[in-house]
Each structure stands twice: as structure tokens, then as C-alpha cells.
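The next block is run06.cif, given as mmCIF, C-alpha atoms and all ligand atoms.
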```cif
data_data
#
loop_
_atom_site.label_atom_id
_atom_site.label_comp_id
_atom_site.auth_asym_id
_atom_site.auth_seq_id
_atom_site.Cartn_x
_atom_site.Cartn_y
_atom_site.Cartn_z
CA MET P 1 0.00 0.00 0.00
CA LYS P 2 1.32 3.46 -0.89
CA ALA P 3 1.80 5.93 1.96
CA ASP P 4 -0.48 8.95 1.83
CA PRO P 5 1.90 11.96 1.57
CA LYS P 6 -0.70 14.22 3.20
CA ARG P 7 -0.90 12.08 6.30
CA ARG P 8 1.25 13.55 9.01
CA ILE P 9 2.81 11.56 11.80
CA PRO P 10 1.75 13.43 14.93
CA THR P 11 4.72 14.84 16.81
CA PRO P 12 4.39 14.38 20.55
CA ALA P 13 4.18 17.71 22.39
CA ILE P 14 7.49 18.59 24.02
CA SER P 15 7.19 20.25 27.38
CA TRP P 16 9.87 22.39 29.02
CA GLU P 17 9.77 20.01 31.91
CA ALA P 18 10.61 17.03 29.70
CA ILE P 19 13.53 18.96 28.20
CA LEU P 20 14.88 19.97 31.59
CA THR P 21 14.44 16.45 33.00
CA SER P 22 16.42 14.98 30.12
CA LEU P 23 19.35 17.35 30.60
CA GLU P 24 22.55 15.86 32.00
CA ASP P 25 23.29 19.17 33.75
CA GLY P 26 21.63 20.12 37.00
CA VAL P 27 19.27 23.12 36.69
CA ILE P 28 18.14 25.00 39.80
CA VAL P 29 15.96 28.13 39.94
CA ILE P 30 16.03 30.42 42.97
CA ASP P 31 13.12 32.85 43.32
CA PRO P 32 13.48 36.55 44.31
CA ARG P 33 12.87 35.62 47.97
CA GLY P 34 15.97 33.44 47.85
CA LYS P 35 14.08 30.11 47.92
CA VAL P 36 14.57 27.16 45.57
CA SER P 37 11.55 27.07 43.24
CA PHE P 38 12.64 24.48 40.67
CA MET P 39 15.20 21.73 40.23
CA ASN P 40 15.57 19.02 37.59
CA GLN P 41 16.53 15.37 38.12
CA ALA P 42 20.27 15.90 37.55
CA ALA P 43 20.28 18.64 40.20
CA GLU P 44 18.51 16.29 42.63
CA SER P 45 21.21 13.65 42.33
CA LEU P 46 23.92 16.26 42.93
CA VAL P 47 22.33 18.47 45.60
CA ALA P 48 19.35 16.92 47.42
CA SER P 49 15.93 15.43 46.65
CA SER P 50 13.37 18.02 45.59
CA ALA P 51 11.36 17.11 48.71
CA ALA P 52 14.29 18.27 50.85
CA ALA P 53 15.30 21.25 48.72
CA LEU P 54 12.19 22.91 47.22
CA GLN P 55 11.07 26.08 49.02
CA GLN P 56 14.24 25.98 51.13
CA PRO P 57 16.45 29.08 51.31
CA TYR P 58 19.46 28.64 49.04
CA THR P 59 21.73 29.90 51.82
CA ARG P 60 20.86 26.75 53.80
CA LEU P 61 21.11 24.37 50.86
CA PHE P 62 24.50 25.63 49.75
CA ARG P 63 25.87 26.58 53.16
CA LYS P 64 28.90 24.33 52.74
CA ASN P 65 29.82 26.10 49.47
CA PRO P 66 30.72 29.74 50.16
CA TRP P 67 32.08 30.09 46.59
CA LEU P 68 28.61 29.28 45.19
CA LEU P 69 26.84 31.58 47.66
CA SER P 70 28.93 34.52 46.49
CA MET P 71 28.25 33.66 42.82
CA ILE P 72 24.49 33.66 43.55
CA GLU P 73 24.70 36.95 45.45
CA ASN P 74 26.50 38.39 42.47
CA SER P 75 23.60 37.43 40.18
CA GLN P 76 21.04 39.28 42.33
CA PRO P 77 20.09 42.97 42.15
CA PRO P 78 21.85 45.37 42.06
CA HIS P 79 24.78 43.39 40.54
CA LEU P 80 22.92 41.12 38.05
CA ASN P 81 26.18 39.47 36.92
CA SER P 82 26.58 36.08 35.23
CA THR P 83 29.54 34.06 36.50
CA ARG P 84 31.14 30.68 35.85
CA GLY P 85 33.54 28.61 37.87
CA ASP P 86 34.84 25.11 38.69
CA SER P 87 35.11 23.93 42.26
CA ASP P 88 34.21 21.11 44.64
CA PHE P 89 30.54 20.98 45.57
CA VAL P 90 29.64 19.59 49.00
CA ASN P 91 26.01 18.64 49.54
CA LEU P 92 24.16 18.78 52.87
CA TRP P 93 25.30 15.26 53.77
CA GLY P 94 28.95 15.99 53.06
CA ARG P 95 29.20 14.19 49.69
CA ARG P 96 31.81 15.98 47.61
CA ALA P 97 31.96 16.16 43.79
CA PRO P 98 33.87 18.44 41.42
CA VAL P 99 31.41 20.60 39.47
CA SER P 100 31.40 23.26 36.83
CA ALA P 101 28.88 25.96 37.81
CA SER P 102 27.25 28.69 35.78
CA VAL P 103 25.09 31.23 37.65
CA SER P 104 22.97 33.88 35.88
CA PRO P 105 20.26 36.36 36.84
CA LEU P 106 16.81 35.28 35.65
CA GLN P 107 14.86 38.17 34.14
CA ASP P 108 11.58 38.60 32.31
CA GLN P 109 11.28 40.38 28.95
CA TYR P 110 11.10 43.76 30.68
CA GLY P 111 14.31 43.15 32.62
CA ARG P 112 12.53 42.56 35.94
CA SER P 113 14.38 40.17 38.21
CA LEU P 114 12.77 36.73 38.60
CA GLY P 115 15.62 35.35 40.68
CA THR P 116 18.65 33.27 39.73
CA ILE P 117 19.28 30.27 37.50
CA LEU P 118 22.06 27.82 38.32
CA LEU P 119 23.58 25.20 36.04
CA LEU P 120 25.70 22.55 37.75
CA ARG P 121 27.66 19.95 35.82
CA ASP P 122 29.31 17.02 37.57
CA ILE P 123 32.87 16.89 36.18
CA THR P 124 34.16 13.89 38.16
CA ARG P 125 34.78 11.88 34.98
CA ARG P 126 36.48 14.80 33.22
CA ARG P 127 38.79 15.28 36.21
CA GLU P 128 39.59 11.57 36.22
CA MET P 129 40.45 11.62 32.54
CA GLU P 130 42.62 14.73 32.94
CA GLU P 131 44.45 13.04 35.82
CA ASP P 132 44.86 9.96 33.67
CA LEU P 133 46.41 11.99 30.86
CA LYS P 134 48.81 13.76 33.21
CA ARG P 135 49.79 10.42 34.67
CA SER P 136 50.48 8.93 31.21
CA ASP P 137 52.70 11.92 30.40
CA ARG P 138 54.60 11.63 33.67
CA LEU P 139 55.13 7.91 33.09
CA ALA P 140 56.38 8.45 29.54
CA THR P 141 58.96 11.04 30.68
CA LEU P 142 59.98 8.89 33.58
CA GLY P 143 60.27 5.86 31.30
CA THR P 144 62.85 7.52 29.05
CA LEU P 145 64.79 8.80 32.03
CA ALA P 146 64.67 5.49 33.85
CA ALA P 147 65.78 3.46 30.86
CA GLY P 148 68.93 5.61 30.49
CA LEU P 149 69.71 5.70 34.18
CA ALA P 150 69.06 2.01 34.75
CA HIS P 151 71.49 1.15 31.97
CA GLU P 152 74.19 3.29 33.57
CA ILE P 153 73.59 1.78 37.02
CA LYS P 154 73.49 -1.84 35.92
CA ASN P 155 77.13 -1.95 34.78
CA PRO P 156 78.79 -0.68 37.98
CA LEU P 157 76.39 -2.87 39.96
CA GLY P 158 77.63 -5.89 38.03
CA GLY P 159 81.16 -4.88 39.03
CA ILE P 160 80.24 -4.55 42.71
CA LYS P 161 78.53 -7.91 42.74
CA GLY P 162 81.50 -9.61 41.05
CA ALA P 163 83.92 -8.10 43.60
CA ALA P 164 81.65 -9.10 46.51
CA GLN P 165 81.49 -12.68 45.20
CA LEU P 166 85.32 -12.79 45.06
CA LEU P 167 85.44 -11.44 48.62
CA ARG P 168 83.01 -14.12 49.73
CA ARG P 169 85.29 -16.80 48.33
CA ALA P 170 88.39 -15.25 49.89
CA LEU P 171 86.70 -14.87 53.27
CA ALA P 172 85.24 -18.38 53.34
CA ARG P 173 87.13 -19.17 56.54
CA ASP P 174 86.21 -16.02 58.42
CA PRO P 175 82.49 -16.18 59.23
CA SER P 176 82.28 -12.70 60.81
CA LEU P 177 83.56 -10.99 57.64
CA LEU P 178 81.81 -13.44 55.31
CA GLU P 179 78.51 -12.08 56.55
CA TYR P 180 79.39 -8.59 55.23
CA ALA P 181 80.14 -9.96 51.78
CA GLU P 182 76.82 -11.76 51.80
CA ILE P 183 74.95 -8.60 52.77
CA MET P 184 76.62 -6.80 49.84
CA ILE P 185 75.56 -9.49 47.39
CA ARG P 186 72.01 -9.57 48.72
CA GLU P 187 71.61 -5.80 48.58
CA VAL P 188 73.04 -5.64 45.04
CA ASP P 189 70.48 -8.26 44.02
CA ARG P 190 67.74 -6.13 45.56
CA VAL P 191 68.81 -3.02 43.64
CA ASN P 192 69.06 -5.13 40.48
CA LEU P 193 65.50 -6.36 40.94
CA LEU P 194 64.29 -2.80 41.42
CA ILE P 195 66.02 -1.69 38.25
CA GLU P 196 64.56 -4.62 36.34
CA GLN P 197 61.07 -3.63 37.54
CA LEU P 198 61.70 -0.04 36.58
CA LEU P 199 62.90 -1.07 33.14
CA ASP P 200 59.80 -3.23 32.84
CA LEU P 201 57.72 -0.12 33.43
CA SER P 202 59.41 1.85 30.69
CA ARG P 203 59.76 -0.88 28.02
CA PRO P 204 56.82 -1.36 25.73
CA THR P 205 55.93 -5.01 26.18
CA ARG P 206 54.15 -7.29 23.79
CA LEU P 207 50.87 -8.53 25.11
CA ASN P 208 50.04 -12.14 24.53
CA LEU P 209 46.27 -11.78 24.35
CA THR P 210 44.04 -14.78 24.87
CA MET P 211 40.40 -15.29 25.78
CA LEU P 212 40.10 -15.35 29.54
CA ASN P 213 37.46 -16.28 32.04
CA ILE P 214 37.99 -13.48 34.54
CA HIS P 215 36.46 -15.43 37.46
CA GLU P 216 38.80 -18.35 36.96
CA LEU P 217 41.74 -15.93 36.89
CA LEU P 218 40.58 -14.17 40.07
CA ASP P 219 40.16 -17.53 41.81
CA GLN P 220 43.72 -18.41 40.88
CA VAL P 221 45.01 -15.15 42.38
CA LEU P 222 42.97 -15.74 45.54
CA LEU P 223 44.51 -19.20 45.83
CA LEU P 224 48.00 -17.65 45.72
CA GLU P 225 47.03 -15.35 48.59
CA ARG P 226 45.00 -17.91 50.57
CA GLU P 227 47.58 -18.34 53.31
CA THR P 228 47.92 -14.60 53.97
CA ALA P 229 44.13 -14.31 54.13
CA GLN P 230 43.97 -17.14 56.70
CA GLU P 231 46.87 -15.75 58.75
CA LYS P 232 45.29 -12.29 58.94
CA LYS P 233 41.78 -13.78 59.38
CA ILE P 234 40.48 -11.79 56.44
CA ASP P 235 36.96 -12.51 55.29
CA VAL P 236 37.03 -12.82 51.48
CA ARG P 237 33.70 -12.27 49.72
CA LYS P 238 33.12 -12.91 46.03
CA ARG P 239 30.30 -11.13 44.25
CA PHE P 240 30.81 -12.53 40.76
CA ASP P 241 28.27 -12.00 38.00
CA PRO P 242 28.09 -15.51 36.45
CA SER P 243 26.71 -14.19 33.16
CA LEU P 244 29.87 -12.22 32.29
CA PRO P 245 31.45 -12.91 28.89
CA THR P 246 35.15 -13.70 28.44
CA VAL P 247 37.73 -10.91 28.16
CA TYR P 248 40.87 -10.45 26.07
CA GLY P 249 43.95 -10.34 28.20
CA ASP P 250 47.52 -11.39 28.83
CA ARG P 251 47.08 -13.98 31.57
CA PRO P 252 50.36 -13.63 33.53
CA GLN P 253 50.17 -9.83 33.36
CA LEU P 254 46.57 -9.68 34.56
CA ILE P 255 47.43 -12.09 37.36
CA GLN P 256 50.14 -9.64 38.39
CA VAL P 257 47.64 -6.76 38.38
CA PHE P 258 45.08 -8.48 40.60
CA LEU P 259 47.81 -9.94 42.83
CA ASN P 260 49.23 -6.44 43.43
CA LEU P 261 45.76 -5.04 44.17
CA ILE P 262 44.86 -7.87 46.56
CA LYS P 263 48.26 -7.69 48.30
CA ASN P 264 47.79 -3.95 48.83
CA ALA P 265 44.30 -4.56 50.21
CA PHE P 266 45.57 -7.23 52.64
CA GLN P 267 48.41 -4.94 53.74
CA ALA P 268 45.89 -2.16 54.44
CA MET P 269 43.73 -4.32 56.75
CA ASN P 270 44.22 -5.45 60.32
CA LYS P 271 41.43 -6.71 62.54
CA GLN P 272 38.08 -7.75 61.03
CA GLY P 273 39.39 -7.25 57.54
CA CYS P 274 36.93 -7.85 54.75
CA LEU P 275 37.88 -8.07 51.08
CA THR P 276 35.06 -7.94 48.54
CA ILE P 277 35.68 -8.77 44.90
CA THR P 278 32.86 -7.77 42.58
CA THR P 279 32.50 -8.28 38.83
CA ARG P 280 29.91 -6.62 36.58
CA MET P 281 29.22 -5.50 33.04
CA GLU P 282 30.39 -1.89 32.49
CA THR P 283 27.47 0.46 31.94
CA ASP P 284 29.34 3.74 32.23
CA PHE P 285 29.21 5.24 28.78
CA HIS P 286 32.35 7.38 29.36
CA ILE P 287 34.48 4.31 30.06
CA ARG P 288 33.32 2.71 26.84
CA GLU P 289 34.18 5.93 25.00
CA GLU P 290 37.60 6.02 26.64
CA GLY P 291 38.53 2.63 25.15
CA LYS P 292 38.83 4.28 21.67
CA GLU P 293 37.48 1.37 19.58
CA PRO P 294 33.84 0.61 20.25
CA GLY P 295 33.27 -2.41 22.40
CA LYS P 296 31.88 -3.71 25.61
CA PHE P 297 33.74 -3.73 28.90
CA ILE P 298 33.45 -5.50 32.22
CA TRP P 299 34.75 -4.24 35.55
CA VAL P 300 36.36 -5.95 38.51
CA GLU P 301 36.38 -4.17 41.84
CA ILE P 302 38.74 -5.04 44.69
CA GLN P 303 37.33 -3.41 47.82
CA ASP P 304 38.77 -3.48 51.31
CA ASN P 305 37.79 -1.96 54.65
CA GLY P 306 41.35 -1.09 55.61
CA VAL P 307 43.11 2.16 56.49
CA GLY P 308 42.11 3.93 53.27
CA ILE P 309 44.11 6.56 51.39
CA LYS P 310 44.66 10.18 52.45
CA GLU P 311 43.10 12.69 50.07
CA GLU P 312 46.47 14.32 49.44
CA ASP P 313 48.03 10.92 48.55
CA LEU P 314 45.34 9.93 46.03
CA PRO P 315 46.86 11.79 43.03
CA HIS P 316 50.25 10.07 43.60
CA ILE P 317 49.50 6.43 44.29
CA PHE P 318 49.98 5.32 40.66
CA SER P 319 53.32 7.14 40.36
CA PRO P 320 56.41 4.93 40.48
CA PHE P 321 58.16 4.93 43.89
CA PHE P 322 55.25 6.49 45.75
CA THR P 323 54.87 4.42 48.91
CA THR P 324 53.73 4.98 52.48
CA LYS P 325 55.11 1.60 53.61
CA ASN P 326 58.44 1.04 55.34
CA ASN P 327 59.45 -1.78 53.04
CA GLY P 328 57.40 -0.96 49.93
CA THR P 329 58.95 -0.12 46.56
CA GLY P 330 55.98 1.91 45.37
CA LEU P 331 56.04 0.13 42.00
CA GLY P 332 53.01 -2.14 42.47
CA LEU P 333 50.30 0.25 41.32
CA ALA P 334 52.51 1.87 38.65
CA ILE P 335 52.91 -1.61 37.11
CA CYS P 336 49.14 -2.28 37.38
CA TYR P 337 48.43 1.04 35.69
CA ARG P 338 50.79 0.32 32.79
CA ILE P 339 49.45 -3.19 32.20
CA ILE P 340 45.80 -2.09 32.23
CA LYS P 341 46.56 0.86 29.90
CA GLU P 342 48.24 -1.54 27.47
CA HIS P 343 45.11 -3.68 27.56
CA GLY P 344 43.08 -0.61 26.49
CA GLY P 345 41.36 -0.72 29.87
CA LEU P 346 41.04 1.66 32.77
CA ILE P 347 41.93 1.55 36.46
CA ARG P 348 40.31 3.89 38.99
CA VAL P 349 40.27 4.23 42.74
CA GLU P 350 37.84 5.48 45.33
CA SER P 351 38.97 5.84 48.89
CA ARG P 352 38.69 7.87 52.07
CA GLU P 353 41.13 7.82 54.91
CA GLY P 354 39.92 5.38 57.56
CA GLU P 355 37.16 3.99 55.35
CA GLY P 356 38.95 1.50 53.09
CA ALA P 357 39.67 1.60 49.38
CA ALA P 358 38.10 0.29 46.17
CA PHE P 359 40.13 -0.24 42.99
CA ARG P 360 38.10 -0.77 39.84
CA VAL P 361 39.60 -2.28 36.69
CA SER P 362 37.68 -2.14 33.38
CA LEU P 363 38.60 -4.64 30.66
CA ARG P 364 37.44 -5.17 27.10
CA VAL P 365 35.15 -8.10 26.38
CA THR P 366 36.05 -10.48 23.52
CA ALA P 367 34.13 -9.43 20.44
N1 LIG P 401 44.16 -0.92 49.28
C1 LIG P 401 44.87 0.13 49.72
N2 LIG P 401 44.55 0.73 50.89
C2 LIG P 401 45.25 1.78 51.36
N3 LIG P 401 46.31 2.32 50.72
C3 LIG P 401 46.69 1.77 49.55
C4 LIG P 401 46.00 0.66 48.98
N4 LIG P 401 46.59 0.35 47.81
C5 LIG P 401 47.59 1.22 47.65
N5 LIG P 401 47.67 2.07 48.68
C6 LIG P 401 48.63 3.19 48.86
O1 LIG P 401 49.31 3.39 47.63
C7 LIG P 401 50.72 3.28 47.83
C8 LIG P 401 51.34 2.73 46.56
O2 LIG P 401 50.98 1.37 46.36
P1 LIG P 401 51.93 0.42 45.51
O3 LIG P 401 51.31 -0.92 45.45
O4 LIG P 401 52.28 1.10 44.25
O5 LIG P 401 53.27 0.39 46.38
P2 LIG P 401 53.52 -0.30 47.79
O6 LIG P 401 52.42 -1.28 48.09
O7 LIG P 401 53.76 0.76 48.78
O8 LIG P 401 54.87 -1.09 47.53
P3 LIG P 401 55.03 -2.45 46.66
O9 LIG P 401 53.73 -2.73 45.99
O10 LIG P 401 56.08 -2.14 45.70
O11 LIG P 401 55.40 -3.47 47.68
C9 LIG P 401 50.87 2.42 49.06
O12 LIG P 401 52.10 2.64 49.72
C10 LIG P 401 49.68 2.88 49.91
O13 LIG P 401 49.97 4.10 50.56
MG MG P 402 51.83 -2.71 46.62
#
```
How does the structure come out when it is put into C-alpha cells?
Ligand SMILES: Nc1ncnc2c1ncn2[C@@H]1O[C@H](COP(=O)(O)OP(=O)(O)OP(=O)(O)O)[C@@H](O)[C@H]1O
Ligand SMILES: [Mg+2]
Amino acid sequence: MKADPKRRIPTPAISWEAILTSLEDGVIVIDPRGKVSFMNQAAESLVASSAAALQQPYTRLFRKNPWLLSMIENSQPPHLNSTRGDSDFVNLWGRRAPVSASVSPLQDQYGRSLGTILLLRDITRRREMEEDLKRSDRLATLGTLAAGLAHEIKNPLGGIKGAAQLLRRALARDPSLLEYAEIMIREVDRVNLLIEQLLDLSRPTRLNLTMLNIHELLDQVLLLERETAQEKKIDVRKRFDPSLPTVYGDRPQLIQVFLNLIKNAFQAMNKQGCLTITTRMETDFHIREEGKEPGKFIWVEIQDNGVGIKEEDLPHIFSPFFTTKNNGTGLGLAICYRIIKEHGGLIRVESREGEGAAFRVSLRVTA
């Protein structure tokens, strides 16, 4: 049957409310009395439910954000200025998120003030990606430097070790001095290992990608750490999604990643330690975008209830040699980061001091 060209498909009426609800940015309107008169869904998830916020004075709602209060004041008569700015937003319950804010006076067609309109955009992801870029840059510079330096150090070290081995032979009959020679050899070996790890970080490695069942791999890592878990009486909980597809990965390298993460978690916990390993399908659209080629991802989260990470330490934990431990090298997370990057994946962390830490690794699913 031929379509009748005169027949129109009715377009559904679009309301302002539907438009505002669909926006990813938070929109808040403050009336001339200084009370919140409108907020969309995105604003609710950032600030407070509309039940808690509507008709409330904005000075109460934003009392933990003096920077925002002064922007709003600036939009009111007699100033009537529009301003923009990025800062951390803290809601009434103390939840903190980086936001980009735009505050403008709201006026009718005759220029009469109707209050203020606020646009708030959550820029957590953008910040994370910027951090990630900076980190990649730092690692690349460090890689070149390290490769050169390590080469220069390895030769004299070889000489020291050779001389110490000769000393050991010559001192075989003098146990008190023999011990010194042995210490020298042991310490040289330790420096050598460090240099090898550092070189590993800077060398581009070839990944041997195979199809992997992530749960089987995680079970293998847990088996390697079973004794430590028993010794420290750590409760290990698995929240695996059995429907997950296989992923592409280099088995030994991914084992190293999860082993480092689990070791760190165990080291962070003392009494009543609880380690939760969760696996899920990735639904965050930004993560999928980040992985350049289109594809699906899964994530694995290693969560502990240990000492947590200080806010000021968070930007440094993936940098080589950053450690807060007496006998740590600070290379564990730098190695994890490099391996996951090479897999086209992503590694993120969420933590508060005293409240434990959660490391989330996203990996590409086999096509
Ligand atoms: N689960 C965690 N809980 C608390 N802090 C952590 C956790 N994981 C990492 N960290 C912090 O990040 C730092 C860097 O970790 P990384 O694994 O790179 O090095 P390290 O554990 O100190 O030494 P290494 O792994 O070489 O033995 C740690 O010293 C610690 O301060
Ligand atoms: Mg470590």
C-alpha cells in the first residue's frame, strides 16, 4: 500500500519540563525571595531530593559552598552578573563532587528580576580523565629517564657484585667478615631487581592476548594469597556475575595486576578485615568511549575496609616509587596502571582515609 503523503505523523508535544528532565546538567531556579523554586533530576542527584530542597532558602542548601553563595549573590540585584567557575561541591550530607557551575540572573522580557538560575555539571569523569592523561605523560617522561639511568647503574652494579662474590670466596674461613660480603651481594640483588622492575615499566611489552574467564583468573590469584588471608583472618567475599562474557587479556600480566591489588588490600587491613571482589558489566558510557574502539567492557572491583588513602596521597599512588610503607617499593600500582593501559582498559580508585579503598579495573570483552 502506498503511503499517503498528506498524512502527518503526529509529533508528541514537548514540554519544558521534559527537556529539563532529560538534561545531564543540574538546573536550579532560585526565586526573588531566595528560595529554591525548581530543580531538575540531575540537580537532585547532585544536591538533594526536591522534597528536601524545594522552598528551602538557598543559603541553607549551599551553606557548605561559600564560593557558590557569592556567585548567587553576584547574580542578584543590584549586581545582576553572570559568572562561571569550577570547584568542589559539597552537599548537605557531606558528599563531595567536582562541578562546573554557571550562575545567571533570571529576568523577564522587561528586565525585571525573577531570581537566579544555576547550572551545575558534575565533572568527576572529566577530572579523572585529565588526571589519567597527566599520569600517562609523567610515566612516559619517567620511562625515558629510567631506561637511560638504569642502563648506567646496571654496569657498575655488576662490578660490585663480582667483587663481593670474590670477597666471599676469599673470606670463606672467616664467618664474621663473610657475613658482610653476603649482605653486599644480597643488597646488590635487591637493587638489580628494582632496576629490572623499573625497566619493565618503561619498556613497551608485547601482550600475549588470549580469551580469559575473569572469574577463573581471580580464583587463581585468591589461591595464591590464601595463606595470607587465613593468617590475617580476612573474610574474602566474592560477588561474581556468572553471566559475564570472556575478556581479552595477557594472563600472567593480569594475574600480576590483581595480585598487586589484593596484596595492597591485605596490607591495608588489620582486625576484622573484609575483602570484597565484585565483577559486573560496564554500563558507564564514558568508560566505553575512553577505550577508543567501540566495544563492551566489564569491571572488577577489589574493595577493602582497611586504612584507606589520604586525600592528598590519592593523586600520587599510581606514580612509580610512591609508597607509604616502610618496606614498599611503590612500584606495584605503577605496574598495574601500565598493564591495564596496554590492555586498552582503565583503572580507577575510590577511597577515604579510615574507610577503606576500592580499585576498579575495566577490561574489554572479547568481540
Ligand atoms: N588498598 C589500599 N589501601 C590503602 N592504601 C593503599 C591501597 N593500595 C595502595 N595504597 C597506597 O598506595 C601506595 C602505593 O601502592 P603500591 O602498590 O604502588 O606500592 P607499595 O604497596 O607501597 O609497595 P610495593 O607494591 O612495591 O610493595 C601504598 O604505599 C599505599 O599508601
Ligand atoms: Mg603494593
Practice task
Could you pull out the residues sitting within 12 Å of ligand MG 402 (chain P), using only C-alpha atoms and all ligand atoms, and write them as a VMD selection string?
Solution key: chain P and resid 256 to 268 317 to 336
Handout entry: Nearest residue to ligand LIG 401 (chain P) from the set P:Ser362, P:Asn305, P:Ser202, P:Thr210 (distances using only C-alpha atoms and all ligand atoms)
Key =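 When distances to ligand LIG 401 (chain P) are compared using only C-alpha atoms and all ligand atoms, the smallest one comes from P:Asn305.
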Exercise for the section: Write out as an MDAnalysis selection string the residues lying within 6 Å of range 295-300 of chain P, counting only C-alpha atoms and excluding same-chain residues fewer than 2 positions away. Expected result: chainID P and resid 278:282 360:365
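As for CA of Thr116 in chain P and CA of Val90 in chain P, they are spaced 19.8 Å apart.
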Handout entry: Who sits within 10 Å of range 154-156 of chain P, only C-alpha atoms, same chain under 2 positions skipped, as a PyMOL selection string
Key = chain P and resi 149-152+158-162+188+191-192+195-196
Exercise for the section: Write out as a PyMOL selection string which residues come within 12 Å of Arg186 in chain P when counting all atoms listed in the file, dropping same-chain ones fewer than 2 positions away. Expected result: chain P and resi 157+160-161+164-165+168+179-184+188-193
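Atom O10 of ligand LIG 401 (chain P) sits 25.4 Å away from CA of Lys238 in chain P.
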Rebuild range 214-225 of chain P so that it carries N, CA and C atoms, then output the result as a PDB file, keeping the file's coordinate frame.
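Output contents, as saved in part.pdb:
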```
ATOM      1  N   ILE P 214      37.453 -14.345  33.493  1.00  0.00           N
ATOM      2  CA  ILE P 214      37.990 -13.480  34.540  1.00  0.00           C
ATOM      3  C   ILE P 214      37.803 -14.096  35.944  1.00  0.00           C
ATOM      4  N   HIS P 215      36.711 -14.836  36.130  1.00  0.00           N
ATOM      5  CA  HIS P 215      36.460 -15.430  37.460  1.00  0.00           C
ATOM      6  C   HIS P 215      37.476 -16.519  37.788  1.00  0.00           C
ATOM      7  N   GLU P 216      37.815 -17.285  36.755  1.00  0.00           N
ATOM      8  CA  GLU P 216      38.800 -18.350  36.960  1.00  0.00           C
ATOM      9  C   GLU P 216      40.151 -17.725  37.318  1.00  0.00           C
ATOM     10  N   LEU P 217      40.477 -16.632  36.633  1.00  0.00           N
ATOM     11  CA  LEU P 217      41.740 -15.930  36.890  1.00  0.00           C
ATOM     12  C   LEU P 217      41.763 -15.353  38.317  1.00  0.00           C
ATOM     13  N   LEU P 218      40.642 -14.747  38.713  1.00  0.00           N
ATOM     14  CA  LEU P 218      40.580 -14.170  40.070  1.00  0.00           C
ATOM     15  C   LEU P 218      40.699 -15.262  41.132  1.00  0.00           C
ATOM     16  N   ASP P 219      40.063 -16.418  40.859  1.00  0.00           N
ATOM     17  CA  ASP P 219      40.160 -17.530  41.810  1.00  0.00           C
ATOM     18  C   ASP P 219      41.604 -17.995  41.955  1.00  0.00           C
ATOM     19  N   GLN P 220      42.324 -17.988  40.830  1.00  0.00           N
ATOM     20  CA  GLN P 220      43.720 -18.410  40.880  1.00  0.00           C
ATOM     21  C   GLN P 220      44.548 -17.438  41.744  1.00  0.00           C
ATOM     22  N   VAL P 221      44.278 -16.139  41.585  1.00  0.00           N
ATOM     23  CA  VAL P 221      45.010 -15.150  42.380  1.00  0.00           C
ATOM     24  C   VAL P 221      44.668 -15.319  43.870  1.00  0.00           C
ATOM     25  N   LEU P 222      43.383 -15.571  44.145  1.00  0.00           N
ATOM     26  CA  LEU P 222      42.970 -15.740  45.540  1.00  0.00           C
ATOM     27  C   LEU P 222      43.647 -16.966  46.168  1.00  0.00           C
ATOM     28  N   LEU P 223      43.850 -17.998  45.347  1.00  0.00           N
ATOM     29  CA  LEU P 223      44.510 -19.200  45.830  1.00  0.00           C
ATOM     30  C   LEU P 223      45.953 -18.875  46.235  1.00  0.00           C
ATOM     31  N   LEU P 224      46.619 -18.033  45.416  1.00  0.00           N
ATOM     32  CA  LEU P 224      48.000 -17.650  45.720  1.00  0.00           C
ATOM     33  C   LEU P 224      48.087 -16.894  47.045  1.00  0.00           C
ATOM     34  N   GLU P 225      47.008 -16.193  47.387  1.00  0.00           N
ATOM     35  CA  GLU P 225      47.030 -15.350  48.590  1.00  0.00           C
ATOM     36  C   GLU P 225      46.237 -15.967  49.750  1.00  0.00           C
TER      37      GLU P 225
END
```
